[in-house]
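To be precise, the following lines are query.csv, and they hold CSV, C-alpha atoms and all ligand atoms.
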chain,number,residue,atom,x,y,z
A,1,MET,CA,21.1,-22.6,-66.8
A,2,LYS,CA,17.6,-21.3,-66.4
A,3,PRO,CA,16.9,-22.1,-62.7
A,4,LYS,CA,20.2,-20.5,-61.7
A,5,THR,CA,19.4,-17.2,-63.3
A,6,THR,CA,15.6,-17.2,-62.5
A,7,LEU,CA,16.0,-17.6,-58.7
A,8,PRO,CA,18.1,-14.5,-58.2
A,9,PHE,CA,15.8,-12.6,-60.5
A,10,VAL,CA,12.7,-13.7,-58.5
A,11,LEU,CA,14.5,-12.8,-55.2
A,12,PHE,CA,15.4,-9.4,-56.7
A,13,VAL,CA,11.8,-8.7,-57.7
A,14,LEU,CA,10.5,-9.7,-54.2
A,15,LEU,CA,13.1,-7.6,-52.5
A,16,LEU,CA,12.3,-4.6,-54.8
A,17,GLY,CA,8.6,-5.1,-54.1
A,18,ALA,CA,9.3,-5.2,-50.3
A,19,CYS,CA,11.3,-2.0,-50.5
A,20,VAL,CA,8.7,-0.2,-52.5
A,21,GLU,CA,5.6,-1.4,-50.6
A,22,PHE,CA,6.8,-1.8,-47.0
A,23,PRO,CA,5.3,-0.5,-44.8
A,24,THR,CA,2.4,1.0,-46.7
A,25,LYS,CA,-1.1,-0.3,-46.3
A,26,PRO,CA,-3.0,-1.7,-49.3
A,27,ARG,CA,-3.8,1.2,-51.6
A,28,LYS,CA,-7.3,2.3,-52.3
A,29,ALA,CA,-8.5,2.6,-55.8
A,30,GLY,CA,-8.0,6.0,-57.5
A,31,PRO,CA,-5.0,8.4,-57.8
A,32,VAL,CA,-2.6,8.5,-54.8
A,33,ILE,CA,-1.9,12.0,-53.7
A,34,SER,CA,1.4,12.2,-51.9
A,35,PRO,CA,2.3,15.0,-49.4
A,36,THR,CA,4.2,16.7,-52.2
A,37,SER,CA,1.3,16.4,-54.6
A,38,ASN,CA,1.9,17.7,-58.1
A,39,SER,CA,-1.7,17.7,-59.2
A,40,PRO,CA,-2.6,20.8,-61.2
A,41,GLU,CA,-4.5,22.2,-58.3
A,42,ALA,CA,-1.6,21.7,-55.9
A,43,VAL,CA,0.8,23.4,-58.4
A,44,LEU,CA,-1.5,26.4,-58.6
A,45,ALA,CA,-1.9,26.5,-54.8
A,46,ARG,CA,1.9,26.3,-54.4
A,47,SER,CA,2.4,29.3,-56.8
A,48,GLU,CA,-0.3,31.2,-54.9
A,49,LEU,CA,1.6,30.5,-51.6
A,50,VAL,CA,4.7,32.0,-53.2
A,51,GLN,CA,2.6,35.0,-54.3
A,52,ALA,CA,1.1,35.4,-50.8
A,53,ARG,CA,4.5,35.4,-49.2
A,54,ALA,CA,5.7,38.1,-51.6
A,55,GLN,CA,2.5,40.1,-50.8
A,56,LEU,CA,3.2,39.7,-47.1
A,57,GLY,CA,6.8,40.7,-47.6
A,58,ALA,CA,5.7,43.8,-49.5
A,59,GLY,CA,3.5,44.9,-46.5
A,60,ARG,CA,0.2,43.8,-48.0
A,61,PRO,CA,-1.1,41.2,-45.5
A,62,THR,CA,-4.8,41.7,-46.5
A,63,SER,CA,-4.0,40.7,-50.2
A,64,ALA,CA,-2.0,37.8,-48.8
A,65,LEU,CA,-5.0,36.5,-46.9
A,66,LEU,CA,-7.1,36.5,-50.0
A,67,THR,CA,-4.5,34.7,-52.0
A,68,LEU,CA,-4.1,32.1,-49.2
A,69,SER,CA,-7.8,31.6,-49.0
A,70,SER,CA,-7.8,30.7,-52.7
A,71,ALA,CA,-4.8,28.4,-52.3
A,72,ARG,CA,-6.4,26.6,-49.4
A,73,SER,CA,-9.7,26.0,-51.1
A,74,ARG,CA,-7.9,24.4,-54.0
A,75,ILE,CA,-6.2,21.6,-52.1
A,76,GLY,CA,-8.6,20.8,-49.2
A,77,THR,CA,-6.7,18.2,-47.2
A,78,SER,CA,-5.1,16.5,-50.1
A,79,ALA,CA,-1.5,17.8,-49.6
A,80,PRO,CA,-0.7,18.1,-45.9
A,81,ASP,CA,2.7,19.6,-46.3
A,82,LEU,CA,1.5,22.3,-48.6
A,83,LEU,CA,-1.6,22.9,-46.4
A,84,ARG,CA,0.7,23.4,-43.4
A,85,ASP,CA,2.8,26.0,-45.3
A,86,ILE,CA,-0.3,27.8,-46.3
A,87,LEU,CA,-1.6,27.8,-42.7
A,88,VAL,CA,1.7,29.1,-41.3
A,89,THR,CA,1.8,31.9,-43.8
A,90,TRP,CA,-1.9,32.6,-43.1
A,91,GLY,CA,-1.0,33.0,-39.4
A,92,ASP,CA,1.9,35.3,-40.3
A,93,ALA,CA,-0.5,37.5,-42.3
A,94,ASN,CA,-2.9,37.7,-39.4
A,95,MET,CA,0.0,38.6,-37.1
A,96,ALA,CA,0.9,41.4,-39.5
A,97,LEU,CA,-2.7,42.7,-39.1
A,98,ASP,CA,-2.5,42.3,-35.3
A,99,HIS,CA,-5.1,39.5,-35.4
A,100,HIS,CA,-3.3,37.5,-32.8
A,101,VAL,CA,-6.1,35.1,-31.9
A,102,ARG,CA,-6.8,34.2,-35.5
A,103,ALA,CA,-3.0,33.7,-36.0
A,104,ILE,CA,-3.0,31.3,-33.0
A,105,ASP,CA,-5.8,29.4,-34.7
A,106,ASN,CA,-3.9,29.2,-38.0
A,107,TYR,CA,-0.7,27.9,-36.2
A,108,GLU,CA,-2.7,25.4,-34.3
A,109,ASP,CA,-4.3,24.1,-37.5
A,110,ALA,CA,-0.8,23.9,-39.0
A,111,LEU,CA,0.3,21.8,-36.1
A,112,ALA,CA,-2.7,19.6,-36.5
A,113,THR,CA,-1.7,18.6,-40.0
A,114,GLY,CA,0.8,16.3,-38.3
A,115,ASN,CA,4.2,15.0,-39.3
A,116,VAL,CA,5.9,18.4,-39.0
A,117,PRO,CA,9.7,18.1,-39.5
A,118,ASP,CA,11.8,19.1,-36.5
A,119,GLU,CA,13.1,22.3,-37.9
A,120,ASP,CA,9.7,23.5,-39.0
A,121,LEU,CA,8.3,22.4,-35.6
A,122,ALA,CA,10.8,24.7,-33.8
A,123,ASP,CA,9.8,27.5,-36.1
A,124,LEU,CA,6.1,26.8,-35.5
A,125,TYR,CA,6.5,26.7,-31.8
A,126,TYR,CA,8.3,30.0,-32.0
A,127,ARG,CA,5.5,31.6,-34.0
A,128,MET,CA,3.0,30.2,-31.4
A,129,TYR,CA,5.0,31.8,-28.6
A,130,ILE,CA,5.2,35.2,-30.3
A,131,ALA,CA,1.4,35.1,-31.2
A,132,ARG,CA,0.4,34.1,-27.7
A,133,ARG,CA,2.7,36.7,-26.1
A,134,ALA,CA,1.2,39.4,-28.4
A,135,SER,CA,-2.3,38.2,-27.4
A,136,GLY,CA,-1.4,38.8,-23.8
A,137,ASP,CA,-1.4,35.1,-22.8
A,138,PRO,CA,0.6,34.8,-19.5
A,139,LYS,CA,1.4,31.2,-20.4
A,140,ALA,CA,3.0,32.1,-23.7
A,141,GLY,CA,6.4,31.1,-22.3
A,142,THR,CA,5.5,27.4,-22.3
A,143,TRP,CA,5.8,27.6,-26.1
A,144,LYS,CA,9.2,29.2,-26.0
A,145,VAL,CA,10.5,26.4,-23.8
A,146,LYS,CA,9.6,24.0,-26.6
A,147,VAL,CA,11.7,25.9,-29.1
A,148,ARG,CA,15.0,25.2,-27.4
A,149,PRO,CA,15.2,21.4,-27.4
A,150,ALA,CA,14.2,21.4,-31.1
A,151,ARG,CA,17.3,23.4,-32.0
A,152,PRO,CA,20.1,21.8,-30.0
A,153,ALA,CA,22.6,22.1,-32.9
A,154,LEU,CA,22.2,25.9,-33.1
A,155,LEU,CA,22.4,26.3,-29.4
A,156,ALA,CA,25.5,24.1,-29.1
A,157,ASP,CA,27.1,25.9,-31.9
A,158,LEU,CA,26.4,29.2,-30.3
A,159,GLU,CA,27.7,28.1,-26.9
A,160,HIS,CA,30.8,26.7,-28.5
A,161,ARG,CA,31.7,29.9,-30.2
A,162,LEU,CA,30.9,32.1,-27.2
A,163,SER,CA,33.2,30.0,-25.0
A,164,GLY,CA,36.1,30.3,-27.4
A,165,GLY,CA,39.1,32.3,-26.2
A,166,ARG,CA,38.8,34.9,-28.9
A,167,VAL,CA,35.4,36.3,-27.8
A,168,THR,CA,35.3,35.6,-24.0
A,169,GLY,CA,35.5,39.3,-23.4
A,170,SER,CA,32.3,39.8,-25.4
A,171,MET,CA,30.1,37.2,-23.8
A,172,PRO,CA,26.5,38.3,-23.2
A,173,SER,CA,25.8,39.3,-19.7
A,174,ARG,CA,24.5,36.4,-17.7
A,175,ALA,CA,22.1,38.8,-16.0
A,176,LEU,CA,20.2,39.3,-19.2
A,177,SER,CA,17.2,37.1,-19.3
A,178,SER,CA,16.3,35.5,-22.6
A,179,GLY,CA,14.1,37.6,-24.8
A,180,SER,CA,14.5,40.8,-22.8
A,181,ILE,CA,15.7,43.9,-24.6
A,182,PRO,CA,18.7,45.4,-22.8
A,183,SER,CA,18.9,49.1,-22.2
A,184,ASP,CA,22.7,49.0,-22.6
A,185,PRO,CA,23.7,47.2,-25.8
A,186,ARG,CA,26.9,46.0,-24.1
A,187,ALA,CA,24.7,43.5,-22.2
A,188,LEU,CA,24.5,41.7,-25.6
A,189,LEU,CA,28.2,42.1,-26.5
A,190,ALA,CA,30.6,43.8,-24.2
A,191,ASP,CA,32.6,45.5,-27.0
A,192,ILE,CA,29.6,47.3,-28.7
A,193,ARG,CA,30.4,51.0,-28.9
A,194,PRO,CA,27.6,53.1,-27.4
A,195,ARG,CA,25.9,56.0,-29.2
A,196,ARG,CA,27.9,58.6,-27.3
A,197,ASP,CA,31.1,57.2,-28.8
A,198,TRP,CA,30.1,58.5,-32.3
A,199,GLY,CA,28.5,61.7,-31.1
A,200,ALA,CA,24.9,60.8,-31.8
A,201,LYS,CA,22.3,63.4,-31.6
A,202,ALA,CA,19.3,62.7,-29.4
A,203,ILE,CA,16.2,60.9,-30.7
A,204,GLU,CA,13.5,63.4,-31.6
A,205,GLY,CA,9.9,63.6,-32.8
A,206,SER,CA,7.7,60.5,-32.7
A,207,TYR,CA,8.8,56.9,-32.3
A,208,VAL,CA,7.4,53.7,-30.9
A,209,ALA,CA,8.7,51.1,-28.5
A,210,MET,CA,10.2,47.9,-29.9
A,211,GLY,CA,8.4,45.7,-27.4
A,212,PHE,CA,9.9,42.5,-28.7
A,213,VAL,CA,12.4,41.2,-31.3
A,214,ASP,CA,11.2,38.4,-33.5
A,215,ARG,CA,13.3,38.9,-36.7
A,216,ILE,CA,16.5,40.5,-37.9
A,217,THR,CA,17.3,42.3,-41.2
A,218,VAL,CA,20.7,42.9,-42.7
A,219,HIS,CA,21.5,46.0,-44.8
A,220,HIS,CA,24.4,47.8,-46.4
A,221,ALA,CA,24.9,51.5,-46.2
A,222,ALA,CA,25.8,51.6,-50.0
A,223,CYS,CA,28.5,54.1,-49.0
A,224,CYS,CA,30.7,55.2,-46.1
A,225,ALA,CA,33.2,52.3,-45.8
A,226,ALA,CA,35.3,53.2,-42.7
A,227,THR,CA,38.6,51.6,-41.6
A,228,SER,CA,39.2,53.8,-38.5
A,229,SER,CA,37.0,54.7,-35.5
A,230,SER,CA,37.0,58.4,-36.3
A,231,ALA,CA,36.0,57.7,-40.0
A,232,ALA,CA,33.2,55.4,-38.8
A,233,ALA,CA,31.9,57.9,-36.3
A,234,GLN,CA,31.8,60.5,-39.0
A,235,SER,CA,29.9,58.1,-41.3
A,236,LEU,CA,27.4,57.4,-38.6
A,237,ARG,CA,26.8,61.1,-37.9
A,238,ALA,CA,26.2,61.6,-41.7
A,239,ILE,CA,23.8,58.7,-41.8
A,240,GLN,CA,21.9,59.9,-38.8
A,241,SER,CA,21.7,63.4,-40.2
A,242,GLU,CA,20.3,62.0,-43.5
A,243,HIS,CA,17.7,59.9,-41.7
A,244,GLN,CA,16.6,62.7,-39.3
A,245,ASP,CA,16.9,65.8,-41.5
A,246,GLY,CA,16.5,64.2,-44.9
A,247,ASN,CA,13.9,61.5,-44.2
A,248,GLY,CA,12.3,63.1,-41.2
A,249,TRP,CA,12.8,60.1,-39.1
A,250,ALA,CA,13.2,60.2,-35.3
A,251,ASP,CA,16.7,58.8,-35.3
A,252,ILE,CA,19.2,56.8,-37.3
A,253,GLY,CA,17.2,53.9,-38.7
A,254,TYR,CA,19.4,50.9,-37.8
A,255,HIS,CA,20.0,49.4,-34.4
A,256,PHE,CA,23.6,48.4,-35.1
A,257,LEU,CA,26.2,49.5,-37.7
A,258,LEU,CA,29.4,47.6,-38.4
A,259,ASP,CA,32.6,49.2,-39.8
A,260,GLN,CA,35.4,47.6,-41.8
A,261,ASN,CA,37.4,47.0,-38.7
A,262,GLY,CA,34.7,44.8,-37.2
A,263,THR,CA,33.7,47.4,-34.6
A,264,ILE,CA,30.0,47.2,-33.8
A,265,TRP,CA,28.4,50.6,-33.1
A,266,GLU,CA,25.0,51.2,-31.4
A,267,GLY,CA,22.6,53.0,-33.7
A,268,ARG,CA,19.0,53.6,-32.7
A,269,GLU,CA,18.5,52.3,-29.1
A,270,LEU,CA,17.1,48.7,-29.3
A,271,ARG,CA,14.2,49.7,-27.1
A,272,TRP,CA,12.8,51.8,-30.0
A,273,GLN,CA,11.4,50.3,-33.2
A,274,GLY,CA,13.8,50.9,-36.1
A,275,ALA,CA,13.2,52.5,-39.5
A,276,HIS,CA,14.9,50.4,-42.1
A,277,ALA,CA,12.8,47.6,-43.6
A,278,GLY,CA,10.4,49.7,-45.6
A,279,ASN,CA,7.3,50.4,-43.6
A,280,SER,CA,6.0,50.1,-40.0
A,281,THR,CA,4.6,46.6,-40.5
A,282,LEU,CA,8.0,45.4,-41.7
A,283,ASN,CA,9.9,47.3,-39.0
A,284,ARG,CA,7.8,45.7,-36.2
A,285,GLY,CA,9.9,43.5,-34.0
A,286,ASN,CA,12.7,43.8,-36.6
A,287,LEU,CA,16.3,44.3,-35.4
A,288,GLY,CA,18.1,46.3,-38.1
A,289,ILE,CA,21.8,45.8,-38.8
A,290,CYS,CA,23.7,47.8,-41.3
A,291,LEU,CA,27.2,47.2,-42.6
A,292,LEU,CA,29.1,50.3,-43.7
A,293,GLY,CA,30.3,49.9,-47.3
A,294,ASN,CA,28.8,49.1,-50.7
A,295,PHE,CA,28.7,45.4,-51.2
A,296,GLU,CA,27.5,45.6,-54.7
A,297,ASP,CA,31.1,46.5,-55.5
A,298,GLU,CA,33.2,45.8,-52.4
A,299,LEU,CA,34.0,42.5,-50.7
A,300,LEU,CA,33.4,41.9,-47.0
A,301,LEU,CA,36.6,42.2,-45.0
A,302,ALA,CA,37.3,39.4,-42.6
A,303,PRO,CA,36.9,41.5,-39.4
A,304,GLN,CA,33.6,42.9,-40.5
A,305,ARG,CA,32.4,39.4,-41.6
A,306,ARG,CA,33.3,38.0,-38.2
A,307,ALA,CA,31.6,40.8,-36.3
A,308,LEU,CA,28.4,40.3,-38.3
A,309,GLN,CA,28.4,36.6,-37.6
A,310,ARG,CA,29.0,37.3,-33.9
A,311,LEU,CA,26.3,39.9,-33.7
A,312,LEU,CA,23.8,37.7,-35.6
A,313,ASP,CA,24.5,34.6,-33.5
A,314,THR,CA,24.2,36.6,-30.2
A,315,ALA,CA,21.1,38.5,-31.2
A,316,ALA,CA,19.4,35.4,-32.6
A,317,GLY,CA,20.3,33.5,-29.4
A,318,GLN,CA,19.1,36.3,-27.1
A,319,PHE,CA,15.8,36.8,-28.9
A,320,ASP,CA,15.3,33.2,-30.0
A,321,VAL,CA,15.2,34.2,-33.7
A,322,PRO,CA,15.3,31.2,-36.0
A,323,ARG,CA,17.6,31.4,-39.0
A,324,GLY,CA,14.5,31.5,-41.2
A,325,ARG,CA,13.7,34.8,-39.6
A,326,VAL,CA,17.0,36.4,-40.4
A,327,TYR,CA,16.5,38.4,-43.6
A,328,THR,CA,18.3,40.7,-46.0
A,329,HIS,CA,16.6,43.9,-47.0
A,330,ARG,CA,15.8,42.8,-50.6
A,331,GLU,CA,14.0,39.7,-49.3
A,332,LEU,CA,11.5,41.9,-47.5
A,333,LYS,CA,11.2,44.8,-49.8
A,334,GLN,CA,11.0,44.5,-53.6
A,335,GLY,CA,12.9,46.9,-55.7
A,336,THR,CA,16.0,47.3,-53.5
A,337,ALA,CA,19.5,45.9,-54.2
A,338,CYS,CA,20.4,46.2,-50.5
A,339,PRO,CA,22.5,44.6,-49.1
A,340,GLY,CA,24.4,44.2,-52.4
A,341,THR,CA,25.6,41.0,-54.1
A,342,HIS,CA,28.5,40.1,-51.9
A,343,LEU,CA,26.7,40.6,-48.6
A,344,GLN,CA,23.7,38.7,-49.9
A,345,ARG,CA,26.0,35.8,-50.7
A,346,PHE,CA,27.5,35.9,-47.3
A,347,MET,CA,24.0,35.8,-45.7
A,348,ASP,CA,22.9,32.9,-48.0
A,349,ASP,CA,25.9,30.9,-46.8
A,350,TYR,CA,25.5,31.9,-43.2
A,351,ARG,CA,21.9,30.7,-43.1
A,352,ARG,CA,22.6,27.5,-45.0
A,353,ALA,CA,25.7,26.4,-43.3
A,354,GLY,CA,25.1,27.7,-39.7
A,355,THR,CA,28.8,27.0,-39.0
A,356,PRO,CA,31.6,29.2,-38.0
A,357,SER,CA,33.6,28.2,-41.1
A,358,LEU,CA,32.9,31.4,-42.9
A,359,ALA,CA,34.4,33.5,-40.2
A,360,LEU,CA,37.7,31.6,-40.7
A,361,GLN,CA,38.0,32.3,-44.4
B,401,ZN,ZN,18.6,48.2,-46.7
Translate this structure into structure tokens?
Amino acid sequence: MKPKTTLPFVLFVLLLGACVEFPTKPRKAGPVISPTSNSPEAVLARSELVQARAQLGAGRPTSALLTLSSARSRIGTSAPDLLRDILVTWGDANMALDHHVRAIDNYEDALATGNVPDEDLADLYYRMYIARRASGDPKAGTWKVKVRPARPALLADLEHRLSGGRVTGSMPSRALSSGSIPSDPRALLADIRPRRDWGAKAIEGSYVAMGFVDRITVHHAACCAATSSSAAAQSLRAIQSEHQDGNGWADIGYHFLLDQNGTIWEGRELRWQGAHAGNSTLNRGNLGICLLGNFEDELLLAPQRRALQRLLDTAAGQFDVPRGRVYTHRELKQGTACPGTHLQRFMDDYRRAGTPSLALQ
């Protein structure tokens, strides 16, 4: 019986060997370091990368640069994927410090590590576009063009939803060119209620231009749930008064506010930088969206959920914001529970799934 059992066994071993080895080249002597190396130095570098991102999120880009420098010196070129993540974060830290040219160098180095997955590549191209635009490069747009083909699924999804019968009345104006900040919010979605509809007071004191939008942050008001337009208008006036008179800000901090009926209200005009994420570094280029209600305790109602998804999709499409740049407040600022457990869960699902299924629940 031996020949009968040995032959399949030998074939199995050969096949297994082929699967494992093909198509790698003959290995050199010494330890093999894979792109996801778990050497002690790589593990330390990875934890430093996490720390650097937290520092950056907390508005401490200079600390982040020091941490990243340490992480980079640990791994050299031994772990390309990790090195790329470090370089990208390095570029982000330089952007936060307005060191645009250095950031461009970092992003170029990240690209040069090679084998960048498609999703990361789109994100990297987008960063390159923002950095080059900020540096005044008139050819920055050539990088933006590269972002689109790398994200066909997102664009197709967006187009599909906007062409659906339910929201045709709210399609973005075709006259609005990609990336430009509209002076009338209804150029984004036709049913956004302008400031005058809730009796907003004028902006006052000092404020700065938004310039560009390259990220979005979602909040909850932790109060003020409103199921009628008059109640929502009253809530908005109260929030504006708290922000202007209590906090001494120029205007209501958020760009858009959503009530329980799914009505989207214009807050601070989009052409002005908001006051919502924690400090001026975090607010830069950051579109602030606030849902009325306290989602630590309350569940999102379907109309409000659908409105949020519609606004996020539209704003992300208009400003080419990748899903990885759509944040919740607690992800940017430590020590806040905003936007509450239930809205946080919605956002986690929204970014992971990227499908309209949640809106249909
Ligand atoms: Zn918040």
Please produce, as a tab-separated table, a per-residue contact table for chain A versus ligand ZN 401 (chain B) (criterion: any atom at most 9 Å away, only C-alpha atoms and all ligand atoms considered), showing the nearest atom pair and its distance in Å to one decimal, sorted by chain then residue number.
residue	atom	partner	partner_atom	distance
A:Thr217	CA	B:ZN401	ZN	8.2
A:Val218	CA	B:ZN401	ZN	7.0
A:His219	CA	B:ZN401	ZN	4.1
A:His220	CA	B:ZN401	ZN	5.8
A:Ala221	CA	B:ZN401	ZN	7.1
A:Ala222	CA	B:ZN401	ZN	8.6
A:His276	CA	B:ZN401	ZN	6.3
A:Ala277	CA	B:ZN401	ZN	6.6
A:Gly278	CA	B:ZN401	ZN	8.4
A:Gly288	CA	B:ZN401	ZN	8.8
A:Ile289	CA	B:ZN401	ZN	8.9
A:Cys290	CA	B:ZN401	ZN	7.4
A:Thr328	CA	B:ZN401	ZN	7.5
A:His329	CA	B:ZN401	ZN	4.8
A:Arg330	CA	B:ZN401	ZN	7.2
A:Lys333	CA	B:ZN401	ZN	8.7
A:Thr336	CA	B:ZN401	ZN	7.3
A:Ala337	CA	B:ZN401	ZN	7.9
A:Cys338	CA	B:ZN401	ZN	4.7
A:Pro339	CA	B:ZN401	ZN	5.8
Export C-alpha atoms of the chosen residues as an mmCIF file, in the coordinates of the input?
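Output file again_33.cif is given in full below:
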data_model
loop_
_atom_site.group_PDB
_atom_site.id
_atom_site.type_symbol
_atom_site.label_atom_id
_atom_site.label_comp_id
_atom_site.auth_asym_id
_atom_site.auth_seq_id
_atom_site.Cartn_x
_atom_site.Cartn_y
_atom_site.Cartn_z
ATOM 1 C CA THR A 217 17.300 42.300 -41.200
ATOM 2 C CA VAL A 218 20.700 42.900 -42.700
ATOM 3 C CA HIS A 219 21.500 46.000 -44.800
ATOM 4 C CA HIS A 220 24.400 47.800 -46.400
ATOM 5 C CA ALA A 221 24.900 51.500 -46.200
ATOM 6 C CA ALA A 222 25.800 51.600 -50.000
ATOM 7 C CA HIS A 276 14.900 50.400 -42.100
ATOM 8 C CA ALA A 277 12.800 47.600 -43.600
ATOM 9 C CA GLY A 278 10.400 49.700 -45.600
ATOM 10 C CA GLY A 288 18.100 46.300 -38.100
ATOM 11 C CA ILE A 289 21.800 45.800 -38.800
ATOM 12 C CA CYS A 290 23.700 47.800 -41.300
ATOM 13 C CA THR A 328 18.300 40.700 -46.000
ATOM 14 C CA HIS A 329 16.600 43.900 -47.000
ATOM 15 C CA ARG A 330 15.800 42.800 -50.600
ATOM 16 C CA LYS A 333 11.200 44.800 -49.800
ATOM 17 C CA THR A 336 16.000 47.300 -53.500
ATOM 18 C CA ALA A 337 19.500 45.900 -54.200
ATOM 19 C CA CYS A 338 20.400 46.200 -50.500
ATOM 20 C CA PRO A 339 22.500 44.600 -49.100
#
Need to verify the contact set: Leu332 of chain A, 10 Å, all atoms listed in the file, exclusion of same-chain residues closer than 5 positions in sequence. Can you return it as a short mmCIF file (atom, residue, chain, number, x, y, z; two decimals) with C-alpha atoms, keeping the file's coordinate frame?
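Generated output (out17.cif):
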data_model
loop_
_atom_site.label_atom_id
_atom_site.label_comp_id
_atom_site.auth_asym_id
_atom_site.auth_seq_id
_atom_site.Cartn_x
_atom_site.Cartn_y
_atom_site.Cartn_z
CA ARG A 53 4.50 35.40 -49.20
CA ALA A 54 5.70 38.10 -51.60
CA GLN A 55 2.50 40.10 -50.80
CA LEU A 56 3.20 39.70 -47.10
CA GLY A 57 6.80 40.70 -47.60
CA ALA A 58 5.70 43.80 -49.50
CA GLY A 59 3.50 44.90 -46.50
CA THR A 217 17.30 42.30 -41.20
CA ALA A 277 12.80 47.60 -43.60
CA GLY A 278 10.40 49.70 -45.60
CA LEU A 282 8.00 45.40 -41.70
CA TYR A 327 16.50 38.40 -43.60
#
In terms of all atoms listed in the file, the residue from A:Glu266, A:Ala93, A:Gly335, A:Ala200 at minimal distance from Ser241 of chain A is A:Ala200
From the list A:Leu258, A:His100, A:Ser280, A:Asp109, which residue is nearest Arg133 of chain A when using only C-alpha atoms?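 Counting only C-alpha atoms, the residue closest to Arg133 of chain A is A:His100.
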Atom CA of Thr77 of chain A and atom CA of Ala96 of chain A are how many Å apart? 25.6 Å
Which is closer to His255 of chain A than all the others in A:Arg268, A:Arg72, A:His243, A:Lys146, using only C-alpha atoms?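 Ranking A:Arg268, A:Arg72, A:His243, A:Lys146 by distance to His255 of chain A, first place goes to A:Arg268.
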Separation of atom CA of Thr263 of chain A from atom CA of Met210 of chain A in Å: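 So the two atoms, atom CA of Met210 of chain A and atom CA of Thr263 of chain A, lie 24.0 Å apart.
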Using all atoms listed in the file, which residue out of A:Gln240, A:Asn261, A:Glu41, A:Ala190 lies closest to Gly76 of chain A?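 Once distances to Gly76 of chain A are computed over all atoms listed in the file, the minimum belongs to A:Glu41.
Compared by their closest atoms to Thr113 of chain A, and using all atoms listed in the file, the residues A:Leu87, A:Ala233, A:Leu300, A:Val101 rank with A:Leu87 nearest.
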Find the spatial neighbours of Leu44 of chain A, counting all atoms listed in the file, within a cut-off of 10 Å - ignore same-chain residues fewer than 4 positions away - and output them as a count of residues only. 10
Measure the distance from atom CA of Gly199 of chain A to atom CA of Phe256 of chain A in Å and round it to one decimal.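 So the answer is 14.7 Å.
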Of A:Gly317, A:Gly293, A:Gly253, A:Gly114, the one sitting nearest Ala232 of chain A when using all atoms listed in the file is A:Gly293
Could you give me, as a PyMOL selection string, the residues within 10 Å of Ala231 of chain A, counting all atoms listed in the file and dropping anything in the same chain fewer than 6 positions from it? chain A and resi 198+224-225+259
Dump of C-alpha atoms for the selected residues, as a JSON list (two decimals), keeping the file's coordinate frame:
[["chain", "number", "residue", "atom", "x", "y", "z"],
["A", 198, "TRP", "CA", 30.10, 58.50, -32.30],
["A", 224, "CYS", "CA", 30.70, 55.20, -46.10],
["A", 225, "ALA", "CA", 33.20, 52.30, -45.80],
["A", 259, "ASP", "CA", 32.60, 49.20, -39.80]]
So which residues fall inside 6 Å of (25.1, 54.4, -30.9) if we count all atoms listed in the file? Mind giving them as JSON, numbers by chain? {"A": [194, 195, 265, 266, 267]}
If you count only C-alpha atoms, which residues fall within 10 Å of Asp184 of chain A, apart from same-chain ones fewer than 2 positions away, as a compact mmCIF listing (two decimals) with C-alpha atoms, keeping the file's coordinate frame?
# COMPACT_ATOMS: atom_id res chain seq x y z
CA ILE A 181 15.70 43.90 -24.60
CA PRO A 182 18.70 45.40 -22.80
CA ARG A 186 26.90 46.00 -24.10
CA ALA A 187 24.70 43.50 -22.20
CA LEU A 188 24.50 41.70 -25.60
CA LEU A 189 28.20 42.10 -26.50
CA ALA A 190 30.60 43.80 -24.20
CA ILE A 192 29.60 47.30 -28.70
CA PRO A 194 27.60 53.10 -27.40
CA GLU A 266 25.00 51.20 -31.40
CA GLU A 269 18.50 52.30 -29.10
CA LEU A 270 17.10 48.70 -29.30
CA ARG A 271 14.20 49.70 -27.10
